[in-house]
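Peer 1: Take a look at upload_32.csv, CSV, C-alpha atoms and all ligand atoms:
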chain,number,residue,atom,x,y,z
A,27,MET,CA,-13.0,-27.3,-23.4
A,28,SER,CA,-13.3,-30.5,-21.4
A,29,GLU,CA,-16.6,-31.1,-19.8
A,30,GLU,CA,-15.1,-31.4,-16.4
A,31,LEU,CA,-14.3,-27.7,-16.4
A,32,SER,CA,-18.0,-27.0,-16.4
A,33,GLU,CA,-18.3,-29.1,-13.3
A,34,VAL,CA,-15.4,-29.3,-10.9
A,35,THR,CA,-11.7,-29.3,-11.7
A,36,GLU,CA,-8.9,-29.8,-9.1
A,37,VAL,CA,-5.9,-27.6,-9.5
A,38,GLY,CA,-2.8,-27.3,-7.3
A,39,PRO,CA,-1.8,-30.0,-4.9
A,40,ALA,CA,-4.8,-32.3,-5.0
A,41,ALA,CA,-5.9,-34.4,-2.0
A,42,THR,CA,-4.4,-32.1,0.5
A,43,GLU,CA,-5.9,-29.4,2.7
A,44,GLU,CA,-4.7,-26.8,0.1
A,45,ALA,CA,-6.5,-28.5,-2.8
A,46,VAL,CA,-8.2,-25.9,-4.9
A,47,GLN,CA,-11.2,-26.5,-7.1
A,48,VAL,CA,-12.3,-24.6,-10.2
A,49,ARG,CA,-16.1,-24.6,-10.1
A,50,ARG,CA,-18.6,-23.2,-12.5
A,51,VAL,CA,-21.2,-20.9,-10.8
A,52,GLY,CA,-24.8,-20.7,-11.8
A,53,PRO,CA,-26.9,-22.7,-14.3
A,54,GLY,CA,-25.0,-25.8,-15.5
A,55,GLY,CA,-22.5,-25.4,-12.8
A,56,SER,CA,-21.8,-27.1,-9.5
A,57,MET,CA,-22.1,-24.0,-7.4
A,58,ALA,CA,-25.3,-21.9,-7.0
A,59,SER,CA,-25.2,-18.2,-7.1
A,60,ASP,CA,-27.2,-18.1,-3.9
A,61,ASN,CA,-27.0,-15.8,-0.9
A,62,ALA,CA,-24.2,-17.7,0.7
A,63,PHE,CA,-22.1,-17.4,-2.5
A,64,ALA,CA,-22.9,-13.7,-2.7
A,65,VAL,CA,-21.5,-13.2,0.8
A,66,ALA,CA,-18.4,-15.3,0.0
A,67,LEU,CA,-17.8,-13.2,-3.1
A,68,LEU,CA,-18.2,-10.0,-1.1
A,69,THR,CA,-15.6,-11.2,1.3
A,70,LEU,CA,-13.2,-12.1,-1.5
A,71,TRP,CA,-13.8,-8.9,-3.4
A,72,HIS,CA,-13.2,-6.8,-0.2
A,73,ARG,CA,-10.0,-8.7,0.6
A,74,VAL,CA,-8.6,-8.3,-2.9
A,75,SER,CA,-9.6,-4.5,-2.9
A,76,GLU,CA,-8.1,-3.9,0.5
A,77,ALA,CA,-4.8,-5.5,-0.7
A,78,GLY,CA,-4.8,-2.9,-3.6
A,79,GLY,CA,-6.1,-5.3,-6.3
A,80,ALA,CA,-7.3,-3.6,-9.5
A,81,VAL,CA,-11.0,-4.6,-9.2
A,82,GLY,CA,-12.8,-1.2,-9.1
A,83,PHE,CA,-11.7,0.1,-5.7
A,84,VAL,CA,-8.8,1.8,-4.0
A,85,PRO,CA,-8.0,1.0,-0.4
A,86,PRO,CA,-9.2,1.7,2.2
A,87,VAL,CA,-12.4,0.0,1.1
A,88,ASP,CA,-15.5,-0.3,3.3
A,89,ARG,CA,-17.1,-3.7,3.0
A,90,SER,CA,-20.5,-2.1,2.4
A,91,ASP,CA,-19.1,-0.2,-0.6
A,92,VAL,CA,-18.4,-3.6,-2.4
A,93,GLY,CA,-22.0,-4.7,-2.0
A,94,PRO,CA,-23.4,-3.0,-5.1
A,95,ALA,CA,-20.6,-4.4,-7.3
A,96,VAL,CA,-21.4,-7.9,-6.0
A,97,ALA,CA,-25.1,-7.3,-6.5
A,98,VAL,CA,-24.5,-6.6,-10.2
A,99,VAL,CA,-22.5,-9.8,-10.6
A,100,ILE,CA,-25.1,-11.9,-8.8
A,101,ASP,CA,-27.9,-10.4,-10.9
A,102,GLY,CA,-26.0,-11.2,-14.1
A,103,LEU,CA,-25.5,-14.8,-13.0
A,104,ARG,CA,-29.1,-15.3,-11.8
A,105,SER,CA,-30.6,-13.8,-14.9
A,106,GLY,CA,-28.4,-16.1,-17.1
A,107,ARG,CA,-26.8,-13.1,-18.8
A,108,ALA,CA,-23.4,-14.0,-17.4
A,109,SER,CA,-21.5,-17.1,-16.4
A,110,ALA,CA,-18.6,-17.5,-14.0
A,111,PHE,CA,-16.0,-19.7,-12.4
A,112,ALA,CA,-15.0,-19.7,-8.7
A,113,LEU,CA,-11.9,-21.1,-7.1
A,114,THR,CA,-12.8,-22.8,-3.8
A,115,SER,CA,-10.5,-24.1,-1.1
A,116,LYS,CA,-11.8,-25.6,2.2
A,117,ARG,CA,-15.3,-24.2,1.4
A,118,ASN,CA,-13.9,-20.7,1.0
A,119,VAL,CA,-14.2,-18.8,-2.3
A,120,ILE,CA,-10.7,-17.7,-3.1
A,121,GLY,CA,-11.0,-16.7,-6.7
A,122,PHE,CA,-13.6,-15.5,-9.2
A,123,ALA,CA,-14.0,-14.5,-12.9
A,124,MET,CA,-17.0,-13.8,-15.0
A,125,ILE,CA,-17.9,-13.7,-18.7
A,126,THR,CA,-20.9,-11.8,-20.2
A,127,PRO,CA,-21.6,-12.7,-23.8
A,128,GLY,CA,-22.8,-9.8,-25.9
A,129,VAL,CA,-26.3,-9.5,-27.3
A,130,ARG,CA,-27.7,-8.7,-30.8
A,131,THR,CA,-24.8,-7.3,-33.0
A,132,GLN,CA,-22.3,-8.4,-30.3
A,133,ALA,CA,-23.6,-11.9,-29.7
A,134,HIS,CA,-20.3,-13.3,-31.1
A,135,ILE,CA,-18.1,-11.7,-28.5
A,136,GLY,CA,-17.9,-11.7,-24.7
A,137,ALA,CA,-16.5,-9.5,-21.9
A,138,ILE,CA,-14.5,-11.0,-19.1
A,139,THR,CA,-14.7,-9.1,-15.8
A,140,SER,CA,-14.1,-9.3,-12.1
A,141,VAL,CA,-11.0,-11.5,-12.3
A,142,MET,CA,-9.5,-11.9,-8.9
A,143,VAL,CA,-7.6,-14.3,-6.7
A,144,ASP,CA,-7.4,-13.9,-2.9
A,145,PRO,CA,-4.2,-12.2,-1.9
A,146,ALA,CA,-3.2,-15.2,0.3
A,147,HIS,CA,-3.3,-17.4,-2.8
A,148,GLN,CA,-1.8,-15.2,-5.5
A,149,GLY,CA,1.3,-16.2,-7.4
A,150,LYS,CA,0.6,-19.9,-7.3
A,151,GLY,CA,-0.8,-20.2,-10.9
A,152,LEU,CA,-4.4,-20.1,-9.8
A,153,GLY,CA,-5.1,-16.9,-11.9
A,154,VAL,CA,-4.0,-18.8,-15.0
A,155,SER,CA,-6.2,-21.8,-14.1
A,156,LEU,CA,-9.2,-19.4,-13.6
A,157,MET,CA,-8.5,-17.7,-16.9
A,158,GLU,CA,-8.2,-21.0,-18.7
A,159,ALA,CA,-11.6,-22.0,-17.4
A,160,ILE,CA,-13.3,-18.8,-18.4
A,161,VAL,CA,-11.7,-18.7,-21.8
A,162,GLY,CA,-12.6,-22.4,-22.3
A,163,LEU,CA,-16.2,-21.6,-21.4
A,164,ALA,CA,-16.2,-18.7,-23.9
A,165,ALA,CA,-15.1,-21.2,-26.7
A,166,GLU,CA,-17.7,-23.7,-25.5
A,167,LEU,CA,-20.4,-21.0,-25.7
A,168,GLY,CA,-19.4,-20.4,-29.3
A,169,LEU,CA,-17.9,-17.0,-28.8
A,170,GLU,CA,-15.2,-15.8,-31.3
A,171,GLN,CA,-13.4,-13.2,-29.2
A,172,VAL,CA,-13.3,-12.1,-25.6
A,173,SER,CA,-12.2,-8.8,-24.1
A,174,ILE,CA,-10.8,-7.7,-20.8
A,175,GLY,CA,-10.2,-4.2,-19.5
A,176,ALA,CA,-7.2,-3.9,-17.2
A,177,ARG,CA,-6.0,-1.0,-15.0
A,178,GLY,CA,-2.7,0.4,-16.3
A,179,GLY,CA,0.4,0.8,-14.2
A,180,VAL,CA,0.2,-2.5,-12.3
A,181,GLY,CA,1.6,-5.0,-14.9
A,182,LEU,CA,-1.7,-6.7,-15.6
A,183,GLU,CA,-1.2,-6.5,-19.3
A,184,LYS,CA,1.8,-8.9,-19.0
A,185,PHE,CA,-0.4,-11.4,-17.1
A,186,TYR,CA,-3.0,-11.3,-19.9
A,187,ALA,CA,-0.5,-11.2,-22.7
A,188,ALA,CA,1.0,-14.4,-21.5
A,189,MET,CA,-2.3,-16.0,-22.1
A,190,GLY,CA,-2.6,-14.7,-25.7
A,191,PHE,CA,-4.5,-11.5,-25.1
A,192,VAL,CA,-3.4,-8.7,-27.3
A,193,GLU,CA,-3.7,-5.0,-26.4
A,194,VAL,CA,-6.0,-3.2,-28.9
A,195,GLY,CA,-6.2,0.2,-27.3
A,196,ARG,CA,-6.4,2.3,-24.2
A,197,LEU,CA,-9.0,4.5,-22.6
A,198,PRO,CA,-6.7,7.3,-21.4
A,199,GLY,CA,-6.9,8.3,-17.8
A,200,TRP,CA,-10.1,6.2,-17.4
A,201,ILE,CA,-9.4,5.1,-13.8
A,202,ARG,CA,-8.7,7.6,-11.0
A,203,VAL,CA,-6.9,5.8,-8.3
A,204,GLY,CA,-6.0,9.1,-6.4
A,205,PRO,CA,-5.6,12.8,-6.8
A,206,GLY,CA,-3.3,13.3,-9.8
A,207,ASP,CA,-3.0,9.6,-10.4
A,208,ASP,CA,-5.2,8.7,-13.4
A,209,ARG,CA,-4.5,5.3,-15.1
A,210,ASP,CA,-5.4,4.1,-18.5
A,211,GLU,CA,-7.8,1.3,-18.9
A,212,ILE,CA,-6.0,-1.2,-21.2
A,213,LEU,CA,-8.3,-3.0,-23.6
A,214,MET,CA,-7.2,-6.5,-24.5
A,215,VAL,CA,-8.8,-9.1,-26.7
A,216,LYS,CA,-8.2,-12.8,-27.4
A,217,GLN,CA,-9.6,-14.9,-30.2
A,218,VAL,CA,-11.2,-18.0,-28.7
A,219,GLY,CA,-13.0,-19.5,-31.7
A,220,ALA,CA,-13.0,-19.3,-35.5
A,221,ARG,CA,-14.4,-16.0,-36.8
A,222,VAL,CA,-17.4,-16.5,-39.0
A,223,ARG,CA,-17.7,-13.5,-41.4
A,301,LIG,C1,-4.2,-10.8,-11.5
A,301,LIG,C2,-4.5,-12.0,-10.7
A,301,LIG,C3,-5.9,-12.5,-11.0
A,301,LIG,C4,-3.5,-13.1,-11.1
A,301,LIG,O1,-3.7,-14.2,-10.3
A,301,LIG,P1,-2.5,-15.0,-9.7
A,301,LIG,O2,-3.0,-16.3,-9.2
A,301,LIG,O3,-1.8,-14.2,-8.7
A,301,LIG,O4,-1.6,-15.3,-11.0
A,301,LIG,P2,-0.7,-16.6,-11.4
A,301,LIG,O5,0.0,-17.1,-10.2
A,301,LIG,O6,-1.5,-17.5,-12.1
A,301,LIG,O7,0.4,-15.8,-12.3
A,301,LIG,C5,0.7,-16.2,-13.5
A,301,LIG,C6,1.8,-15.3,-14.0
A,301,LIG,O8,1.3,-14.0,-14.2
A,301,LIG,C7,2.1,-13.1,-13.4
A,301,LIG,N1,1.3,-12.1,-12.8
A,301,LIG,C8,0.3,-12.3,-12.0
A,301,LIG,N2,-0.2,-11.1,-11.6
A,301,LIG,C9,0.5,-10.1,-12.2
A,301,LIG,C10,0.4,-8.7,-12.3
A,301,LIG,N3,-0.5,-8.0,-11.6
A,301,LIG,N4,1.3,-8.1,-13.0
A,301,LIG,C11,2.2,-8.8,-13.8
A,301,LIG,N5,2.3,-10.1,-13.8
A,301,LIG,C12,1.5,-10.8,-13.0
A,301,LIG,C13,2.8,-14.0,-12.4
A,301,LIG,O9,4.0,-13.4,-12.0
A,301,LIG,C14,3.0,-15.3,-13.1
A,301,LIG,O10,4.1,-15.2,-14.0
A,301,LIG,P3,5.2,-16.3,-14.0
A,301,LIG,O11,4.5,-17.6,-14.4
A,301,LIG,O12,6.2,-15.8,-15.0
A,301,LIG,O13,5.7,-16.4,-12.6
A,301,LIG,C15,-4.3,-11.8,-9.2
A,301,LIG,O14,-3.0,-11.4,-8.9
A,301,LIG,C16,-5.3,-10.8,-8.6
A,301,LIG,O15,-6.4,-11.1,-8.2
A,301,LIG,N6,-4.9,-9.5,-8.5
A,301,LIG,C17,-5.7,-8.5,-7.9
A,301,LIG,C18,-7.0,-8.2,-8.6
A,301,LIG,C19,-6.7,-7.8,-10.1
A,301,LIG,O16,-5.8,-6.9,-10.3
A,301,LIG,N7,-7.4,-8.4,-11.0
A,301,LIG,C20,-7.3,-8.1,-12.4
A,301,LIG,C21,-8.5,-7.4,-12.9
A,301,LIG,S1,-8.4,-6.9,-14.6
Show the structure stored in the file as structure tokens.

Peer 2:
Amino acid sequence: MSEELSEVTEVGPAATEEAVQVRRVGPGGSMASDNAFAVALLTLWHRVSEAGGAVGFVPPVDRSDVGPAVAVVIDGLRSGRASAFALTSKRNVIGFAMITPGVRTQAHIGAITSVMVDPAHQGKGLGVSLMEAIVGLAAELGLEQVSIGARGGVGLEKFYAAMGFVEVGRLPGWIRVGPGDDRDEILMVKQVGARVR
């Protein structure tokens, strides 16, 4: 991965009001995982959830319910266990994705979680830019494979497959989005570095 991705990368129509930056969050990044960032992430996560995004909630979603999910992410970033990228536009956080490398027997793999783009900015290629950054970071960290778990029934497997993720299995009925509406969690992996065996 190019070094710039660890700092700030412009995506979309640069030098305009709509310019979007891909910024690494936390140690080694250009964005601190401070309280202001936590509030911005809460706003993003709530907006994505209210729009029906598959990030752990089903609308209607109370903003306060998203707080504990954000707290886990911020804790991971501050402790150094996880790394993340944020998309920013005009000082707003409009996208986010995190990677948590494994430990001990799983130190060679990583789990990508909390992938989201603000509903007002979806469908413009930003999700792909975000995933390129996080997968690039995984390679830079020396990881061999990364995983993602996606809610079934919303087409996400196509989004990830287009980036080289391969479905390896499903946890059946793992996500209850409503009475009588259980969805599989689709497990997908991508090889990001040479496997050392
Ligand atoms: C999934 C998500 C991150 C994609 O970001 P995005 O910026 O909208 O995606 P892009 O514009 O980069 O899309 C790239 C391609 O993926 C496709 N795609 C995006 N979201 C998709 C979805 N949910 N299902 C199927 N295809 C999808 C786009 O149509 C596009 O295809 P094209 O190039 O053939 O037109 C975003 O839609 C989102 O935040 N969704 C809600 C939260 C969510 O479900 N997160 C996933 C958690 S596992």

Peer 1: Using all atoms listed in the file, determine which residues lie at most 9 Å from Glu193 of chain A, disregarding the query and same-chain residues fewer than 6 positions distant; provide the list as a PyMOL selection string.

Peer 2: chain A and resi 183+187+212-215

Peer 1: Could you tell me how far atom CA of Ala123 of chain A sits from atom C17 of ligand LIG 301 (chain A), in Å to one decimal place?

Peer 2: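 So the answer is 11.4 Å.
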
Peer 1: Taking only C-alpha atoms and all ligand atoms into account, produce a table as a Markdown table in which each residue of chain A with an atom at most 9 Å from an atom of ligand LIG 301 (chain A) appears once, together with its shortest atom pair and the distance in Å to one decimal, ordered by chain and rising number.

Peer 2:
| residue | atom | partner | partner_atom | distance |
| --- | --- | --- | --- | --- |
| A:Trp71 | CA | A:LIG301 | C18 | 8.6 |
| A:Val74 | CA | A:LIG301 | C17 | 5.8 |
| A:Ser75 | CA | A:LIG301 | C18 | 7.3 |
| A:Ala77 | CA | A:LIG301 | C17 | 7.9 |
| A:Gly78 | CA | A:LIG301 | C17 | 7.1 |
| A:Gly79 | CA | A:LIG301 | C17 | 3.6 |
| A:Ala80 | CA | A:LIG301 | O16 | 3.7 |
| A:Val81 | CA | A:LIG301 | C21 | 5.3 |
| A:Gly82 | CA | A:LIG301 | C21 | 8.4 |
| A:Gly121 | CA | A:LIG301 | O15 | 7.4 |
| A:Phe122 | CA | A:LIG301 | C3 | 8.5 |
| A:Ala123 | CA | A:LIG301 | C3 | 8.6 |
| A:Ile138 | CA | A:LIG301 | S1 | 8.6 |
| A:Thr139 | CA | A:LIG301 | S1 | 6.8 |
| A:Ser140 | CA | A:LIG301 | C21 | 6.0 |
| A:Val141 | CA | A:LIG301 | C21 | 4.8 |
| A:Met142 | CA | A:LIG301 | O15 | 3.3 |
| A:Val143 | CA | A:LIG301 | O15 | 3.7 |
| A:Asp144 | CA | A:LIG301 | O15 | 6.1 |
| A:Pro145 | CA | A:LIG301 | O15 | 6.8 |
| A:His147 | CA | A:LIG301 | O2 | 6.5 |
| A:Gln148 | CA | A:LIG301 | O3 | 3.4 |
| A:Gly149 | CA | A:LIG301 | O5 | 3.2 |
| A:Lys150 | CA | A:LIG301 | O5 | 4.1 |
| A:Gly151 | CA | A:LIG301 | O6 | 3.0 |
| A:Leu152 | CA | A:LIG301 | O2 | 4.1 |
| A:Gly153 | CA | A:LIG301 | O1 | 3.4 |
| A:Val154 | CA | A:LIG301 | O6 | 4.0 |
| A:Ser155 | CA | A:LIG301 | O6 | 6.7 |
| A:Leu156 | CA | A:LIG301 | O6 | 8.1 |
| A:Met157 | CA | A:LIG301 | C3 | 8.3 |
| A:Ile174 | CA | A:LIG301 | S1 | 6.7 |
| A:Gly175 | CA | A:LIG301 | S1 | 5.9 |
| A:Ala176 | CA | A:LIG301 | S1 | 4.1 |
| A:Arg177 | CA | A:LIG301 | S1 | 6.4 |
| A:Val180 | CA | A:LIG301 | N3 | 5.6 |
| A:Gly181 | CA | A:LIG301 | N4 | 3.6 |
| A:Leu182 | CA | A:LIG301 | N4 | 4.2 |
| A:Glu183 | CA | A:LIG301 | C11 | 6.9 |
| A:Lys184 | CA | A:LIG301 | C11 | 5.2 |
| A:Phe185 | CA | A:LIG301 | O8 | 4.2 |
| A:Tyr186 | CA | A:LIG301 | O8 | 7.6 |
| A:Ala188 | CA | A:LIG301 | O8 | 7.3 |
| A:Met189 | CA | A:LIG301 | O8 | 8.9 |

Peer 1: How would the residues just picked look written out with C-alpha atoms as a short mmCIF file (atom, residue, chain, number, x, y, z; two decimals), in the coordinates of the input?

Peer 2:
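The file below, result17.cif, is the result:
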data_model
loop_
_atom_site.label_atom_id
_atom_site.label_comp_id
_atom_site.auth_asym_id
_atom_site.auth_seq_id
_atom_site.Cartn_x
_atom_site.Cartn_y
_atom_site.Cartn_z
CA TRP A 71 -13.80 -8.90 -3.40
CA VAL A 74 -8.60 -8.30 -2.90
CA SER A 75 -9.60 -4.50 -2.90
CA ALA A 77 -4.80 -5.50 -0.70
CA GLY A 78 -4.80 -2.90 -3.60
CA GLY A 79 -6.10 -5.30 -6.30
CA ALA A 80 -7.30 -3.60 -9.50
CA VAL A 81 -11.00 -4.60 -9.20
CA GLY A 82 -12.80 -1.20 -9.10
CA GLY A 121 -11.00 -16.70 -6.70
CA PHE A 122 -13.60 -15.50 -9.20
CA ALA A 123 -14.00 -14.50 -12.90
CA ILE A 138 -14.50 -11.00 -19.10
CA THR A 139 -14.70 -9.10 -15.80
CA SER A 140 -14.10 -9.30 -12.10
CA VAL A 141 -11.00 -11.50 -12.30
CA MET A 142 -9.50 -11.90 -8.90
CA VAL A 143 -7.60 -14.30 -6.70
CA ASP A 144 -7.40 -13.90 -2.90
CA PRO A 145 -4.20 -12.20 -1.90
CA HIS A 147 -3.30 -17.40 -2.80
CA GLN A 148 -1.80 -15.20 -5.50
CA GLY A 149 1.30 -16.20 -7.40
CA LYS A 150 0.60 -19.90 -7.30
CA GLY A 151 -0.80 -20.20 -10.90
CA LEU A 152 -4.40 -20.10 -9.80
CA GLY A 153 -5.10 -16.90 -11.90
CA VAL A 154 -4.00 -18.80 -15.00
CA SER A 155 -6.20 -21.80 -14.10
CA LEU A 156 -9.20 -19.40 -13.60
CA MET A 157 -8.50 -17.70 -16.90
CA ILE A 174 -10.80 -7.70 -20.80
CA GLY A 175 -10.20 -4.20 -19.50
CA ALA A 176 -7.20 -3.90 -17.20
CA ARG A 177 -6.00 -1.00 -15.00
CA VAL A 180 0.20 -2.50 -12.30
CA GLY A 181 1.60 -5.00 -14.90
CA LEU A 182 -1.70 -6.70 -15.60
CA GLU A 183 -1.20 -6.50 -19.30
CA LYS A 184 1.80 -8.90 -19.00
CA PHE A 185 -0.40 -11.40 -17.10
CA TYR A 186 -3.00 -11.30 -19.90
CA ALA A 188 1.00 -14.40 -21.50
CA MET A 189 -2.30 -16.00 -22.10
#

Peer 1: Quick one, how far is atom CA of Leu68 of chain A from atom CA of Leu167 of chain A?

Peer 2: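 Computing the Euclidean distance for atom CA of Leu68 of chain A and atom CA of Leu167 of chain A yields 27.0 Å.
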
Peer 1: Report, in Å to a single decimal, how far apart atom CA of Arg202 of chain A and atom CA of Ile125 of chain A are.

Peer 2: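 We find that atom CA of Ile125 of chain A and atom CA of Arg202 of chain A lie 24.4 Å from each other.
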
Peer 1: Out of A:Arg117, A:Arg73, A:Arg107, A:Arg89, which residue has the shortest atom-to-atom distance to Ala45 of chain A when counting all atoms listed in the file?

Peer 2: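 Looking only at the distances to Ala45 of chain A, the closest residue turns out to be A:Arg117.
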
Peer 1: Write out as a PyMOL selection string which residues come within 12 Å of Ala97 of chain A when counting only C-alpha atoms, dropping same-chain ones fewer than 3 positions away.

Peer 2: chain A and resi 59-61+63-65+67-68+71+90-94+100-105

Peer 1: With distances taken over only C-alpha atoms, which residue among A:Ile201, A:Lys116, A:Gln217, A:Val96 lies nearest His134 of chain A?

Peer 2: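 Nearest to His134 of chain A: A:Gln217.
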
Peer 1: So which residues touch Arg50 of chain A within 9 Å, counting all atoms listed in the file, skipping near sequence neighbours fewer than 4 positions away, as number ranges by chain?

Peer 2: A: 31-34, 54-58, 109-113, 159

Peer 1: Which of these residues is nearest to Leu70 of chain A, using all atoms listed in the file: A:Val51, A:Ala146, A:Val46, A:Val37?

Peer 2: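 Looking only at the distances to Leu70 of chain A, the closest residue turns out to be A:Ala146.
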
Peer 1: Return the single residue from A:Ala137, A:Ala66, A:Leu163, A:Val84 that is closest to Asn118 of chain A, with distances computed using all atoms listed in the file.

Peer 2: A:Ala66
